[in-house]
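Asks: Handing you a structure now.
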Amino acid sequence: MAYYINDECINCGACEPECPTSVISEGDGKYVIDAEGCIDCGACADVCPTSAPNPA
């Protein structure tokens with residue numbers, strides 16, 4: 001099960017450096033997670049100020 005980033009994302013970038021598999025990137029107005037590489041660790045959710053990353 002992979003994480004995804006919902007529309008609560010404020011594009012702050014806090015999540016990107018926390019991802020151990022480097023599958024988070026800046027998208028159009030919000031960050032996105034490549035579900036195929038996500039290892040479901042939750043590191044991104046732990047640092048997000050808006051709780052945008054959620055388990056799929």
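Labeling convention for the structure tokens: chains A, B, ... as they appear, residues from 1 per chain, ligands from 1 in order of appearance.
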If you count only C-alpha atoms, which residues fall within 8 Å of segment 46-49 of chain A, apart from same-chain ones fewer than 6 positions away, as JSON, numbers by chain?

Replies: {"A": [14, 15, 18]}

Asks: Please identify all polymer residues within 9 Å of Pro20 of chain A, counting only C-alpha atoms, omitting same-chain residues fewer than 4 positions from it, and present them as a compact mmCIF listing (two decimals) with all heavy atoms, in the first residue's frame.

Replies:
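File selection_29.txt, as written:
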```txt
# COMPACT_ATOMS: atom_id res chain seq x y z
N ILE A 39 7.41 2.76 -0.16
CA ILE A 39 7.53 1.58 0.70
C ILE A 39 6.61 1.66 1.93
O ILE A 39 6.74 0.89 2.87
CB ILE A 39 8.98 1.34 1.14
CG1 ILE A 39 9.54 2.55 1.89
CG2 ILE A 39 9.84 0.99 -0.08
CD1 ILE A 39 10.91 2.30 2.54
N CYS A 41 6.35 3.78 4.43
CA CYS A 41 7.02 4.01 5.71
C CYS A 41 6.38 5.12 6.53
O CYS A 41 6.51 5.14 7.75
CB CYS A 41 8.50 4.29 5.51
SG CYS A 41 8.86 5.89 4.72
N ALA A 43 7.20 8.31 6.57
CA ALA A 43 8.12 9.39 6.93
C ALA A 43 7.60 10.74 6.42
O ALA A 43 7.74 11.76 7.10
CB ALA A 43 9.51 9.12 6.38
```

Asks: I'd like the contact shell of Gly27 of chain A - 12 Å cut-off, only C-alpha atoms, skipping same-chain residues fewer than 3 positions apart - returned as a ChimeraX atom specification.

Replies: /A:5-7,9-13,16,23-24,30-34

Asks: Write the residues of the preceding selection, restricted to C-alpha atoms, as a PDB file, in the first residue's frame.

Replies:
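Below you can see again.pdb, which holds the result:
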```
ATOM      1  CA  ILE A   5      -0.625  13.383  -1.249  1.00  0.00           C
ATOM      2  CA  ASN A   6      -4.067  14.972  -1.111  1.00  0.00           C
ATOM      3  CA  ASP A   7      -5.129  18.516  -2.004  1.00  0.00           C
ATOM      4  CA  CYS A   9      -0.626  19.999   0.281  1.00  0.00           C
ATOM      5  CA  ILE A  10       0.734  23.555   0.532  1.00  0.00           C
ATOM      6  CA  ASN A  11       3.785  22.741  -1.606  1.00  0.00           C
ATOM      7  CA  CYS A  12       6.210  23.410   1.276  1.00  0.00           C
ATOM      8  CA  GLY A  13       8.582  20.579   0.363  1.00  0.00           C
ATOM      9  CA  GLU A  16      10.625  15.347  -0.164  1.00  0.00           C
ATOM     10  CA  VAL A  23       9.860   8.941  -4.838  1.00  0.00           C
ATOM     11  CA  ILE A  24       8.391  12.311  -3.830  1.00  0.00           C
ATOM     12  CA  LYS A  30       1.469  20.040  -4.893  1.00  0.00           C
ATOM     13  CA  TYR A  31       3.979  17.288  -4.300  1.00  0.00           C
ATOM     14  CA  VAL A  32       3.327  13.800  -5.669  1.00  0.00           C
ATOM     15  CA  ILE A  33       4.429  10.306  -4.668  1.00  0.00           C
ATOM     16  CA  ASP A  34       5.343   7.634  -7.208  1.00  0.00           C
TER      17      ASP A  34
END
```

Asks: How many Å separate atom CA of Met1 of chain A from atom CA of Asn54 of chain A?

Replies: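 Between atom CA of Met1 of chain A and atom CA of Asn54 of chain A the gap works out to 10.4 Å.
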
Asks: Got a sec to tell me which of segment 27-56 of chain A DSSP assigns to alpha helix (DSSP H), as number ranges by chain?

Replies: A: 43-47

Asks: Can you pull out every residue from chain A that DSSP, working from the backbone, puts in strand (DSSP E), and format the result as a short mmCIF file (atom, residue, chain, number, x, y, z; two decimals) with all heavy atoms, in the first residue's frame?

Replies:
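Full text of result-v1.cif as output:
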```cif
data_model
loop_
_atom_site.label_atom_id
_atom_site.label_comp_id
_atom_site.auth_asym_id
_atom_site.auth_seq_id
_atom_site.Cartn_x
_atom_site.Cartn_y
_atom_site.Cartn_z
N TYR A 3 1.53 5.57 -0.17
CA TYR A 3 0.95 6.84 0.27
C TYR A 3 0.64 7.69 -0.96
O TYR A 3 1.21 7.49 -2.03
CB TYR A 3 1.94 7.59 1.16
CG TYR A 3 1.83 7.21 2.62
CD1 TYR A 3 2.22 5.97 3.06
CD2 TYR A 3 1.35 8.12 3.56
CE1 TYR A 3 2.13 5.61 4.40
CE2 TYR A 3 1.25 7.78 4.90
CZ TYR A 3 1.64 6.53 5.32
OH TYR A 3 1.53 6.20 6.64
N TYR A 4 -0.27 8.63 -0.79
CA TYR A 4 -0.56 9.63 -1.82
C TYR A 4 -0.68 10.97 -1.11
O TYR A 4 -0.88 11.02 0.11
CB TYR A 4 -1.84 9.29 -2.59
CG TYR A 4 -3.10 9.53 -1.79
CD1 TYR A 4 -3.81 10.72 -1.92
CD2 TYR A 4 -3.58 8.57 -0.90
CE1 TYR A 4 -4.96 10.94 -1.17
CE2 TYR A 4 -4.71 8.79 -0.16
CZ TYR A 4 -5.42 9.97 -0.29
OH TYR A 4 -6.54 10.21 0.45
N ILE A 5 -0.53 12.04 -1.83
CA ILE A 5 -0.63 13.38 -1.25
C ILE A 5 -1.93 14.03 -1.73
O ILE A 5 -2.15 14.16 -2.92
CB ILE A 5 0.60 14.23 -1.63
CG1 ILE A 5 1.86 13.59 -1.05
CG2 ILE A 5 0.43 15.67 -1.13
CD1 ILE A 5 3.16 14.29 -1.37
N ILE A 24 9.22 11.12 -3.94
CA ILE A 24 8.39 12.31 -3.83
C ILE A 24 9.01 13.41 -4.68
O ILE A 24 10.21 13.67 -4.61
CB ILE A 24 8.26 12.77 -2.37
CG1 ILE A 24 7.63 11.67 -1.52
CG2 ILE A 24 7.43 14.06 -2.29
CD1 ILE A 24 7.55 12.00 -0.04
N SER A 25 8.17 14.04 -5.49
CA SER A 25 8.65 15.12 -6.34
C SER A 25 7.61 16.23 -6.41
O SER A 25 6.43 16.01 -6.14
CB SER A 25 8.96 14.61 -7.74
OG SER A 25 7.82 14.04 -8.33
N GLU A 26 8.07 17.40 -6.81
CA GLU A 26 7.17 18.54 -6.93
C GLU A 26 6.32 18.38 -8.17
O GLU A 26 6.83 18.16 -9.27
CB GLU A 26 7.97 19.83 -6.99
CG GLU A 26 7.12 21.06 -6.85
CD GLU A 26 7.93 22.33 -6.70
OE1 GLU A 26 9.17 22.26 -6.71
OE2 GLU A 26 7.31 23.40 -6.58
N TYR A 31 3.02 18.37 -4.13
CA TYR A 31 3.98 17.29 -4.30
C TYR A 31 3.24 15.99 -4.62
O TYR A 31 2.06 15.84 -4.29
CB TYR A 31 4.83 17.13 -3.04
CG TYR A 31 5.98 18.10 -3.03
CD1 TYR A 31 5.79 19.44 -2.75
CD2 TYR A 31 7.27 17.69 -3.36
CE1 TYR A 31 6.83 20.34 -2.78
CE2 TYR A 31 8.32 18.58 -3.40
CZ TYR A 31 8.10 19.90 -3.11
OH TYR A 31 9.15 20.79 -3.16
N VAL A 32 3.92 15.08 -5.29
CA VAL A 32 3.33 13.80 -5.67
C VAL A 32 4.26 12.66 -5.26
O VAL A 32 5.47 12.85 -5.15
CB VAL A 32 3.03 13.73 -7.19
CG1 VAL A 32 1.95 14.70 -7.57
CG2 VAL A 32 4.28 13.98 -8.00
N ILE A 33 3.68 11.50 -5.05
CA ILE A 33 4.43 10.31 -4.67
C ILE A 33 4.27 9.27 -5.77
O ILE A 33 3.15 8.96 -6.18
CB ILE A 33 3.91 9.72 -3.34
CG1 ILE A 33 4.10 10.74 -2.21
CG2 ILE A 33 4.62 8.41 -3.01
CD1 ILE A 33 3.48 10.34 -0.88
N PRO A 53 -0.02 13.79 3.17
CA PRO A 53 0.24 12.39 2.78
C PRO A 53 -0.66 11.42 3.56
O PRO A 53 -0.76 11.52 4.79
CB PRO A 53 1.71 12.17 3.14
CG PRO A 53 2.29 13.53 3.29
CD PRO A 53 1.17 14.38 3.79
N ASN A 54 -1.29 10.54 2.84
CA ASN A 54 -2.19 9.55 3.45
C ASN A 54 -1.98 8.19 2.81
O ASN A 54 -1.66 8.11 1.63
CB ASN A 54 -3.64 9.97 3.22
CG ASN A 54 -4.01 11.20 4.01
OD1 ASN A 54 -4.27 11.12 5.19
ND2 ASN A 54 -4.02 12.35 3.34
N PRO A 55 -2.21 7.12 3.58
CA PRO A 55 -2.13 5.79 2.97
C PRO A 55 -3.23 5.62 1.93
O PRO A 55 -4.35 6.08 2.14
CB PRO A 55 -2.34 4.83 4.13
CG PRO A 55 -2.42 5.64 5.37
CD PRO A 55 -2.52 7.07 4.98
#
```

Asks: Would you mind reading off the distance between atom CA of Asp28 of chain A and atom CA of Glu8 of chain A, one decimal, in Å?

Replies: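 Going from atom CA of Asp28 of chain A over to atom CA of Glu8 of chain A, I get 13.4 Å.
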